[in-house]
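Visitor: Pasting a structure here, questions to come.
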Amino acid sequence: MIFKHFNINKFIFIPTILIFVVVSIILINGGTSLQGMLTIALAWITKQMGWAYMMVYIVNFIFFMWLLFSKYGAIRLGEPHSKPQYSNLQWGSMVFATAIDASILMLSMVDPIRYVSAPPFGIKPFSEDAYNYAHMLGQFDWGPMAWMMYAPAAIAIGYILFVKKGKVQRLSKAIGFIQGDEKWKQVVRQIVDFLVVFGIMGGVGSSVGMEIPIISNVLSKLTGLPDNLMLKIFLFAILFVIFAWTVWNGLNGGIDILSDLHIWTAVLFLVFILLVGPTIYILSSETNSIGLLTSKFVSLSTNTVPNGTPDIANSEVVFYWGWWLAYMPVMGLFIARISKGRTIRQILLGMFGYGAAGCMSFYAILGGYSLWLQKTGAVDLVHILNTQGQAAVITAVLSSLPMKMVVFAVYCISCFIFLATTISSSAYIVSSFTSLNLKGNQEPSQVNRMTWVIVFVLFSFGVVIVGGFETIETFCAISGFPLMFVCIMILVSIYHMVKNDEGIVLKAKGMDDMRIKKKKEKMRRIRAKRMAARLNQSSDDDE
């Protein structure tokens with residue numbers, strides 16, 4: 001009765017909450033002793049299941065390339081002649097903003113350092129090729145292949161919202177062939193929604209668990225406070241207050257304010273590093289990386305290492321592919337809601353141009369600067385990574401910049417804004433997915449929203465207690481795994497949607513009618529010519 005009072009779907013809410021509370025308790029109690037087990041789990045997932053992640057991404061990418069260049073790309077999400085709700089610049093800015101969170105501010109500095117010391121394809125570490133690949137690999141992980149994983153949810157939800165004029169409260173609503181009152185369809189819908197919530201919780205919660213230690217380390221350098229567990233608990237307390245405020249006040253009272261703030265800090269940060277750093281080296285490296293990414297795109301997309309031990313680049317791809325899958329429902333829903341009036345082709349090209357390019361710009365500039373520090377010997381970031389961890393690498397990179405105390409402050413503030421935006425939005429969407437039917441502009445109950453904020457913080461704290469980047473990678477890979485099946489279901493649904501689209505069907509029928517009409521006219525002309533020929537022949541015979 002209490003669940004109905006707070007408009008909560010207990011069949012999705014209860015099992016997901018229980019799973020993450022139990023896992024959180026295990027992580028908090030187990031601590032660092034669990035690192036070894038999680039590292040082994042990641043190695044097993046990469047070796048045994050890496051092919052599955054890559055195949056899903058390949059199928060997804062090929063499907064949307066077909067959709068992009070086919071006649072179905074012209075389908076408009078809205079009325080046939082409606083105009084986009086937002087201008088190209090406004091829409092692109094919002095998509096670019098979704099590409100930015102605290103994770104990319106951190107990983108774009110660290111990933112290239114991992115790769116240069118352990119490059120793929122048997123390349124010699126620290127060689128010229130190693131530096132070239134190190135600058136490019138992160139852009140592959142955050143580039144076109146990755147961004148197309150948001151397309152299934154974005155296109156399916158957008159089509160239901162603006163073409164079918166339906167309502168999409170949960171992702172299962174966007175899968176056409178499981179709609180209906182049959183018992184098995186109802187069960188499948190519940191399973192899909194559970195897997196979606198499970199994926200979001202695992203992916204986003206792991207992100208916070210990675211970001212808090214880094215913010216703690218940077219804040220320690222800025223303030224002189226010791227970087228210990230108490231500082232991390234203090235940060236969690238501040239974040240909890242921010243999360244609670246934004247979620248309690250809803251979309252209009254909190255989340256939108258934070259969303260407006262975070263894009264400008266990121267852009268200014270990138271421009272600052274590009275101008276004060278090795279500008280020519282960064283631009284030259286990026287030009288080279290674009291060519292290298294283009295030439296090695298297929299090899300990287302299919303690199304499962306069947307006859308050897310998976311390298312760092314391979315395990316990173318599995319981690320990222322699981323992570324992007326976990327974020328698919330959240331990001332897809334956002335992109336769908338701002339895409340009214342746009343064609344499928346415009347949305348897909350925009351995701352390439354604004355989303356993928358936005359992420360790649362971080363790796364181009366921040367990654368290029370980190371590699372320059374390593375190559376010139378200004379800072380031995382590889383040694384710092386191996387001995388002190390990725391938080392110390394980021395602190396070392398920021399310390400090398402002019403006005404480092406100002407940089408530390410801006411970086412911490414930016415990361416806090418990004419964290420609050422991502423987690424608050426995710427908690428809001430998860431609470432929508434776990435609500436009973438919401439009417440009109442009704443929002444999920446505040447009890448539902450606050451419960452997810454608490455669980456997010458608890459799970460993230462457990463990840464921090466265990467520590468280690470492999471812990472993050474393992475949870476992201478596990479969280480994304482079940483969503484592979486959801487992704488395939490959505491692709492099948494989209495295929496049926498566009499094949500049966502009323503505008504396409506009517507257009508095809510019109511073309512068929514036109515072809516039939518032209519064929520009939522041609523046959524009449526042929527018969528008329530034959531008849532005229534016979535008449536002429538008869539006249540000649542009479543004479």
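Ordering of the structure tokens sets the chain letters (A, B, ...), residue numbers begin anew at 1 in every chain, and ligands are numbered from 1 in the order given.
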Find the spatial neighbours of stretch 186-191 of chain A, counting only C-alpha atoms, within a cut-off of 8 Å - ignore same-chain residues fewer than 5 positions away - and output them as a ChimeraX atom specification.

Guide: /A:11-12,172-173,178-181

Visitor: Would you mind listing what lies within 10 Å of stretch 44-51 of chain A as a VMD selection string, with only C-alpha atoms counted and same-chain residues fewer than 6 positions away left out?

Guide: chain A and resid 38 57 302 to 306 308 to 311 314 to 319 321 474 477 to 478 481

Visitor: Determine, counting only C-alpha atoms, which protein, DNA and RNA residues have an atom within 10 Å of an atom of A:Val466; residues of the same chain fewer than 5 positions away are not included. Present the result as a PyMOL selection string.

Guide: chain A and resi 26-35+38+209+461+471-472

Visitor: Store the residues picked out above, limited to C-alpha atoms, as a PDB file, in the first residue's frame.

Guide:
```pdb
ATOM      1  CA  ILE A  26      29.859  -6.098   0.757  1.00  0.00           C
ATOM      2  CA  LEU A  27      32.138  -3.460  -0.785  1.00  0.00           C
ATOM      3  CA  ILE A  28      32.313  -1.386   2.392  1.00  0.00           C
ATOM      4  CA  ASN A  29      33.060  -4.435   4.557  1.00  0.00           C
ATOM      5  CA  GLY A  30      35.464  -6.064   2.087  1.00  0.00           C
ATOM      6  CA  GLY A  31      37.458  -2.924   1.324  1.00  0.00           C
ATOM      7  CA  THR A  32      40.712  -3.184  -0.602  1.00  0.00           C
ATOM      8  CA  SER A  33      40.826  -6.974  -0.142  1.00  0.00           C
ATOM      9  CA  LEU A  34      38.239  -7.228  -2.937  1.00  0.00           C
ATOM     10  CA  GLN A  35      40.507  -5.579  -5.521  1.00  0.00           C
ATOM     11  CA  LEU A  38      37.468  -7.774  -9.118  1.00  0.00           C
ATOM     12  CA  GLY A 209      33.298   6.146  -7.147  1.00  0.00           C
ATOM     13  CA  PHE A 461      31.086   5.139  -1.279  1.00  0.00           C
ATOM     14  CA  THR A 471      37.029  -1.904  -9.654  1.00  0.00           C
ATOM     15  CA  ILE A 472      35.405   0.835 -11.745  1.00  0.00           C
TER      16      ILE A 472
END
```

Visitor: Per residue of stretch 170-254 of chain A within 12 Å of stretch 398-405 of chain A, record the nearest atom pair and its distance in Å to one decimal, counting only C-alpha atoms, with rows in chain order and ascending residue number, as a tab-separated table.

Guide:
```
residue	atom	partner	partner_atom	distance
A:Ile214	CA	A:Leu398	CA	11.9
A:Asn217	CA	A:Leu398	CA	11.5
A:Val218	CA	A:Leu398	CA	8.7
A:Leu219	CA	A:Met405	CA	10.0
A:Ser220	CA	A:Met405	CA	11.3
A:Lys221	CA	A:Met405	CA	8.5
A:Leu222	CA	A:Met405	CA	6.2
A:Thr223	CA	A:Met405	CA	9.3
A:Gly224	CA	A:Met405	CA	11.4
```

Visitor: Create the file for the chosen residues now, containing N, CA and C atoms and written as a CSV table (one decimal), in the first residue's frame.

Guide:
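Final output, selection_33.csv:
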```
chain,number,residue,atom,x,y,z
A,214,ILE,N,39.7,11.4,-7.0
A,214,ILE,CA,40.5,12.4,-7.7
A,214,ILE,C,40.2,13.8,-7.3
A,217,ASN,N,42.0,14.3,-4.0
A,217,ASN,CA,43.4,14.6,-4.2
A,217,ASN,C,43.7,16.0,-4.6
A,218,VAL,N,43.0,16.5,-5.6
A,218,VAL,CA,43.2,17.9,-6.1
A,218,VAL,C,42.8,18.9,-5.0
A,219,LEU,N,41.7,18.6,-4.2
A,219,LEU,CA,41.4,19.5,-3.1
A,219,LEU,C,42.4,19.5,-2.0
A,220,SER,N,43.1,18.4,-1.8
A,220,SER,CA,44.1,18.3,-0.8
A,220,SER,C,45.3,19.2,-1.2
A,221,LYS,N,45.6,19.2,-2.5
A,221,LYS,CA,46.7,20.0,-3.0
A,221,LYS,C,46.4,21.5,-2.9
A,222,LEU,N,45.1,21.8,-3.1
A,222,LEU,CA,44.6,23.2,-3.1
A,222,LEU,C,44.5,23.8,-1.7
A,223,THR,N,44.1,22.9,-0.7
A,223,THR,CA,43.9,23.5,0.6
A,223,THR,C,44.9,23.0,1.7
A,224,GLY,N,45.7,22.0,1.4
A,224,GLY,CA,46.6,21.5,2.3
A,224,GLY,C,46.0,20.5,3.3
```

Visitor: Contacts of A:Ile335 at 8 Å or less, counting only C-alpha atoms, minus same-chain residues fewer than 3 places along, as a VMD selection string?

Guide: chain A and resid 95 154 331 to 332 338 to 339

Visitor: Grab the residues selected above and save them as a compact mmCIF listing (two decimals), in the first residue's frame with C-alpha atoms.

Guide:
```
# COMPACT_ATOMS: atom_id res chain seq x y z
CA VAL A 95 24.20 17.52 -27.05
CA ALA A 154 17.17 8.36 -28.75
CA MET A 331 21.38 10.00 -22.67
CA GLY A 332 19.00 8.60 -25.26
CA ILE A 338 15.21 17.90 -27.47
CA SER A 339 14.95 16.51 -31.04
```

Visitor: Taking the DSSP assignment computed from this structure's backbone, write out as a ChimeraX atom specification all residues of stretch 217-379 of chain A that belong to alpha helix (DSSP H).

Guide: /A:217-223,229-250,256-276,279-301,312-337,344-350,357-362,368-376

Visitor: By how many Å are atom CA of A:Val430 and atom CA of A:Val23 apart?

Guide: 18.3 Å

Visitor: Can you measure atom CA of A:Phe272 to atom CA of A:Met109 for me? One decimal in Å is fine.

Guide: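 Between these atoms lies a distance of 15.0 Å.
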
Visitor: Please provide as a PDB file with N, CA and C atoms, in the first residue's frame all residues within 8 Å of stretch 285-301 of chain A, with the sequence filter that same-chain residues fewer than 5 positions apart are discarded (counting only C-alpha atoms).

Guide:
```pdb
ATOM      1  N   MET A  54      31.826  -6.190 -28.420  1.00  0.00           N
ATOM      2  CA  MET A  54      32.242  -5.635 -29.712  1.00  0.00           C
ATOM      3  C   MET A  54      31.230  -5.943 -30.809  1.00  0.00           C
ATOM      4  N   ILE A  58      29.293  -3.270 -33.130  1.00  0.00           N
ATOM      5  CA  ILE A  58      29.442  -3.326 -34.584  1.00  0.00           C
ATOM      6  C   ILE A  58      28.067  -3.385 -35.252  1.00  0.00           C
ATOM      7  N   ASN A 132      51.673   8.027 -30.883  1.00  0.00           N
ATOM      8  CA  ASN A 132      50.607   8.286 -31.854  1.00  0.00           C
ATOM      9  C   ASN A 132      49.321   7.551 -31.473  1.00  0.00           C
ATOM     10  N   TYR A 133      49.460   6.271 -31.121  1.00  0.00           N
ATOM     11  CA  TYR A 133      48.286   5.483 -30.744  1.00  0.00           C
ATOM     12  C   TYR A 133      47.696   5.963 -29.417  1.00  0.00           C
ATOM     13  N   HIS A 135      47.536   8.898 -28.236  1.00  0.00           N
ATOM     14  CA  HIS A 135      46.725  10.101 -28.443  1.00  0.00           C
ATOM     15  C   HIS A 135      45.405   9.785 -29.132  1.00  0.00           C
ATOM     16  N   MET A 136      45.382   8.730 -29.926  1.00  0.00           N
ATOM     17  CA  MET A 136      44.200   8.400 -30.715  1.00  0.00           C
ATOM     18  C   MET A 136      43.224   7.470 -30.007  1.00  0.00           C
ATOM     19  N   LEU A 137      43.710   6.546 -29.182  1.00  0.00           N
ATOM     20  CA  LEU A 137      42.854   5.481 -28.648  1.00  0.00           C
ATOM     21  C   LEU A 137      41.702   5.998 -27.795  1.00  0.00           C
ATOM     22  N   PHE A 140      38.905   7.033 -29.916  1.00  0.00           N
ATOM     23  CA  PHE A 140      38.109   5.904 -30.396  1.00  0.00           C
ATOM     24  C   PHE A 140      37.099   5.494 -29.325  1.00  0.00           C
ATOM     25  N   ALA A 364      41.928  15.237 -27.347  1.00  0.00           N
ATOM     26  CA  ALA A 364      42.879  15.929 -28.221  1.00  0.00           C
ATOM     27  C   ALA A 364      43.729  16.912 -27.429  1.00  0.00           C
ATOM     28  N   GLY A 368      46.667  15.316 -25.258  1.00  0.00           N
ATOM     29  CA  GLY A 368      47.867  15.792 -25.943  1.00  0.00           C
ATOM     30  C   GLY A 368      48.826  16.483 -24.995  1.00  0.00           C
TER      31      GLY A 368
END
```

Visitor: Which is closest to A:Gln374 among A:Met328, A:Ala153, A:Met531, A:Val116, if we use only C-alpha atoms?

Guide: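 So, comparing all the options, the nearest one is A:Val116.
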
Visitor: With only C-alpha atoms as the atoms that count, which of A:Ala533, A:Ala357, A:Ala336, A:Ile113 lies nearest to A:Leu161?

Guide: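 The answer is A:Ala336, which sits nearest to A:Leu161.
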
Visitor: Any idea what's packed within 8 Å of A:Val464, counting only C-alpha atoms, ignoring anything in its chain fewer than 5 positions away? Could you give it as JSON, numbers by chain?

Guide: {"A": [209, 210, 212, 213]}

Visitor: Those selected residues, please, written with N, CA and C atoms and delivered as a PDB file, in the first residue's frame.

Guide:
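The result, stored in selection-v2.pdb:
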```pdb
ATOM      1  N   GLY A 209      32.258   6.824  -7.907  1.00  0.00           N
ATOM      2  CA  GLY A 209      33.298   6.146  -7.147  1.00  0.00           C
ATOM      3  C   GLY A 209      34.684   6.393  -7.704  1.00  0.00           C
ATOM      4  N   MET A 210      34.785   6.661  -8.989  1.00  0.00           N
ATOM      5  CA  MET A 210      36.073   6.988  -9.595  1.00  0.00           C
ATOM      6  C   MET A 210      36.432   8.454  -9.373  1.00  0.00           C
ATOM      7  N   ILE A 212      35.367  10.810  -7.001  1.00  0.00           N
ATOM      8  CA  ILE A 212      35.565  11.362  -5.664  1.00  0.00           C
ATOM      9  C   ILE A 212      37.032  11.319  -5.220  1.00  0.00           C
ATOM     10  N   PRO A 213      37.751  10.187  -5.375  1.00  0.00           N
ATOM     11  CA  PRO A 213      39.164  10.176  -4.954  1.00  0.00           C
ATOM     12  C   PRO A 213      40.015  11.198  -5.698  1.00  0.00           C
TER      13      PRO A 213
END
```

Visitor: Ranking A:Gln388, A:Ser431, A:Thr376, A:Ser493 by minimum distance to A:Thr16 and counting only C-alpha atoms, which one comes first?

Guide: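 The answer is A:Ser431, which sits nearest to A:Thr16.
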
Visitor: Could you check the closest approach to A:Ile494 for each of A:Pro80, A:Gly92, A:Gly468, A:Gly176 and tell me which residue wins, using only C-alpha atoms?

Guide: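 Smallest separation from A:Ile494 among the options: A:Gly176.
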
Visitor: Quick one: distance from atom CA of A:Leu438 to atom CA of A:Lys10 in Å, one decimal?

Guide: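 The value is 14.8 Å.
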
Visitor: Calculated over only C-alpha atoms, which of the candidates A:Leu491, A:Ala156, A:Leu419, A:Val455 has the smallest distance to A:Leu105?

Guide: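 That would be A:Leu419, the residue with the smallest distance to A:Leu105.
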
Visitor: Compile the contact shell of A:Leu333 as an NGL selection string: residues with an atom at most 12 Å away, counting only C-alpha atoms, same-chain residues fewer than 4 positions apart removed.

Guide: :A and (95 or 98 or 150-161 or 167-171 or 173-174 or 327-329 or 337-339 or 425-426 or 428-430 or 432-433)

Visitor: Take the residues from that selection and write them out as a CSV table (one decimal), in the first residue's frame, keeping N, CA, C and O atoms.

Guide:
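Okay, again_23.csv is ready:
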```csv
chain,number,residue,atom,x,y,z
A,95,VAL,N,23.6,18.8,-26.8
A,95,VAL,CA,24.2,17.5,-27.0
A,95,VAL,C,25.7,17.5,-26.6
A,95,VAL,O,26.1,16.6,-25.9
A,98,THR,N,26.0,17.2,-22.9
A,98,THR,CA,25.8,15.9,-22.4
A,98,THR,C,27.0,15.0,-22.5
A,98,THR,O,27.2,14.0,-21.8
A,150,TYR,N,24.1,5.7,-28.1
A,150,TYR,CA,23.0,6.4,-27.6
A,150,TYR,C,21.8,6.5,-28.6
A,150,TYR,O,20.7,6.8,-28.2
A,151,ALA,N,22.1,6.2,-29.8
A,151,ALA,CA,21.1,6.3,-30.9
A,151,ALA,C,19.9,5.4,-30.7
A,151,ALA,O,18.7,5.8,-31.0
A,152,PRO,N,20.0,4.1,-30.3
A,152,PRO,CA,18.8,3.3,-30.1
A,152,PRO,C,17.8,3.9,-29.3
A,152,PRO,O,16.6,4.0,-29.7
A,153,ALA,N,18.1,4.3,-28.1
A,153,ALA,CA,17.1,4.9,-27.2
A,153,ALA,C,16.6,6.2,-27.7
A,153,ALA,O,15.4,6.5,-27.6
A,154,ALA,N,17.6,7.0,-28.3
A,154,ALA,CA,17.2,8.4,-28.7
A,154,ALA,C,16.2,8.3,-29.9
A,154,ALA,O,15.1,9.0,-29.9
A,155,ILE,N,16.4,7.4,-30.9
A,155,ILE,CA,15.5,7.3,-32.0
A,155,ILE,C,14.2,6.7,-31.7
A,155,ILE,O,13.1,7.1,-32.1
A,156,ALA,N,14.3,5.6,-30.9
A,156,ALA,CA,13.1,4.8,-30.5
A,156,ALA,C,12.1,5.7,-29.7
A,156,ALA,O,10.9,5.8,-30.0
A,157,ILE,N,12.7,6.3,-28.7
A,157,ILE,CA,11.9,7.2,-27.8
A,157,ILE,C,11.3,8.4,-28.6
A,157,ILE,O,10.2,8.8,-28.4
A,158,GLY,N,12.2,9.0,-29.4
A,158,GLY,CA,11.8,10.2,-30.2
A,158,GLY,C,10.7,9.8,-31.1
A,158,GLY,O,9.7,10.6,-31.3
A,159,TYR,N,10.7,8.7,-31.7
A,159,TYR,CA,9.7,8.3,-32.7
A,159,TYR,C,8.3,8.1,-32.0
A,159,TYR,O,7.3,8.5,-32.5
A,160,ILE,N,8.4,7.4,-30.8
A,160,ILE,CA,7.2,7.2,-30.0
A,160,ILE,C,6.6,8.5,-29.6
A,160,ILE,O,5.4,8.8,-29.7
A,161,LEU,N,7.4,9.4,-29.1
A,161,LEU,CA,7.0,10.7,-28.6
A,161,LEU,C,6.4,11.6,-29.6
A,161,LEU,O,5.3,12.2,-29.5
A,167,LYS,N,3.5,8.3,-25.1
A,167,LYS,CA,4.2,8.7,-23.9
A,167,LYS,C,5.2,7.7,-23.5
A,167,LYS,O,4.9,6.5,-23.5
A,168,VAL,N,6.4,8.1,-23.2
A,168,VAL,CA,7.5,7.1,-22.9
A,168,VAL,C,8.0,7.5,-21.5
A,168,VAL,O,8.8,8.4,-21.3
A,169,GLN,N,7.5,6.7,-20.5
A,169,GLN,CA,8.0,6.9,-19.2
A,169,GLN,C,9.1,5.9,-18.9
A,169,GLN,O,10.0,6.2,-18.1
A,170,ARG,N,9.1,4.8,-19.6
A,170,ARG,CA,10.1,3.8,-19.4
A,170,ARG,C,10.7,3.3,-20.8
A,170,ARG,O,9.9,3.4,-21.8
A,171,LEU,N,11.9,2.8,-20.8
A,171,LEU,CA,12.5,2.4,-22.1
A,171,LEU,C,11.7,1.3,-22.7
A,171,LEU,O,11.7,1.1,-23.9
A,173,LYS,N,8.7,0.9,-23.1
A,173,LYS,CA,7.6,1.5,-24.0
A,173,LYS,C,8.1,1.7,-25.4
A,173,LYS,O,7.2,1.7,-26.3
A,174,ALA,N,9.4,1.8,-25.6
A,174,ALA,CA,9.9,2.1,-27.0
A,174,ALA,C,10.1,0.8,-27.7
A,174,ALA,O,10.6,0.9,-28.9
A,327,TYR,N,24.8,4.0,-19.8
A,327,TYR,CA,24.3,5.4,-20.0
A,327,TYR,C,23.3,5.6,-21.1
A,327,TYR,O,22.7,6.6,-21.2
A,328,MET,N,23.1,4.5,-21.9
A,328,MET,CA,22.3,4.7,-23.1
A,328,MET,C,20.8,5.1,-22.8
A,328,MET,O,20.3,6.1,-23.4
A,329,PRO,N,20.2,4.6,-21.8
A,329,PRO,CA,18.8,5.0,-21.5
A,329,PRO,C,18.7,6.5,-21.1
A,329,PRO,O,17.8,7.2,-21.5
A,337,ARG,N,14.2,14.0,-26.3
A,337,ARG,CA,13.3,15.0,-25.9
A,337,ARG,C,13.6,16.4,-26.5
A,337,ARG,O,12.7,17.3,-26.5
A,338,ILE,N,14.9,16.6,-26.9
A,338,ILE,CA,15.2,17.9,-27.5
A,338,ILE,C,15.2,17.8,-29.0
A,338,ILE,O,15.6,18.8,-29.6
A,339,SER,N,14.8,16.7,-29.6
A,339,SER,CA,15.0,16.5,-31.0
A,339,SER,C,13.6,16.6,-31.8
A,339,SER,O,13.6,16.2,-33.0
A,425,SER,N,20.4,14.1,-12.5
A,425,SER,CA,19.6,13.8,-13.7
A,425,SER,C,19.4,12.3,-13.7
A,425,SER,O,18.3,11.8,-14.1
A,426,SER,N,20.4,11.5,-13.4
A,426,SER,CA,20.2,10.0,-13.4
A,426,SER,C,19.3,9.6,-12.4
A,426,SER,O,18.4,8.7,-12.6
A,428,TYR,N,16.8,11.3,-11.1
A,428,TYR,CA,15.5,11.7,-11.6
A,428,TYR,C,14.9,10.7,-12.6
A,428,TYR,O,13.8,10.3,-12.5
A,429,ILE,N,15.8,10.3,-13.6
A,429,ILE,CA,15.3,9.4,-14.6
A,429,ILE,C,15.0,8.0,-14.0
A,429,ILE,O,14.0,7.4,-14.4
A,430,VAL,N,15.9,7.5,-13.2
A,430,VAL,CA,15.7,6.2,-12.5
A,430,VAL,C,14.4,6.2,-11.7
A,430,VAL,O,13.6,5.3,-11.7
A,432,SER,N,11.8,8.0,-12.4
A,432,SER,CA,10.7,7.9,-13.4
A,432,SER,C,10.5,6.5,-13.9
A,432,SER,O,9.3,6.1,-14.0
A,433,PHE,N,11.6,5.8,-14.1
A,433,PHE,CA,11.4,4.4,-14.6
A,433,PHE,C,10.8,3.5,-13.5
A,433,PHE,O,10.2,2.5,-13.8
```
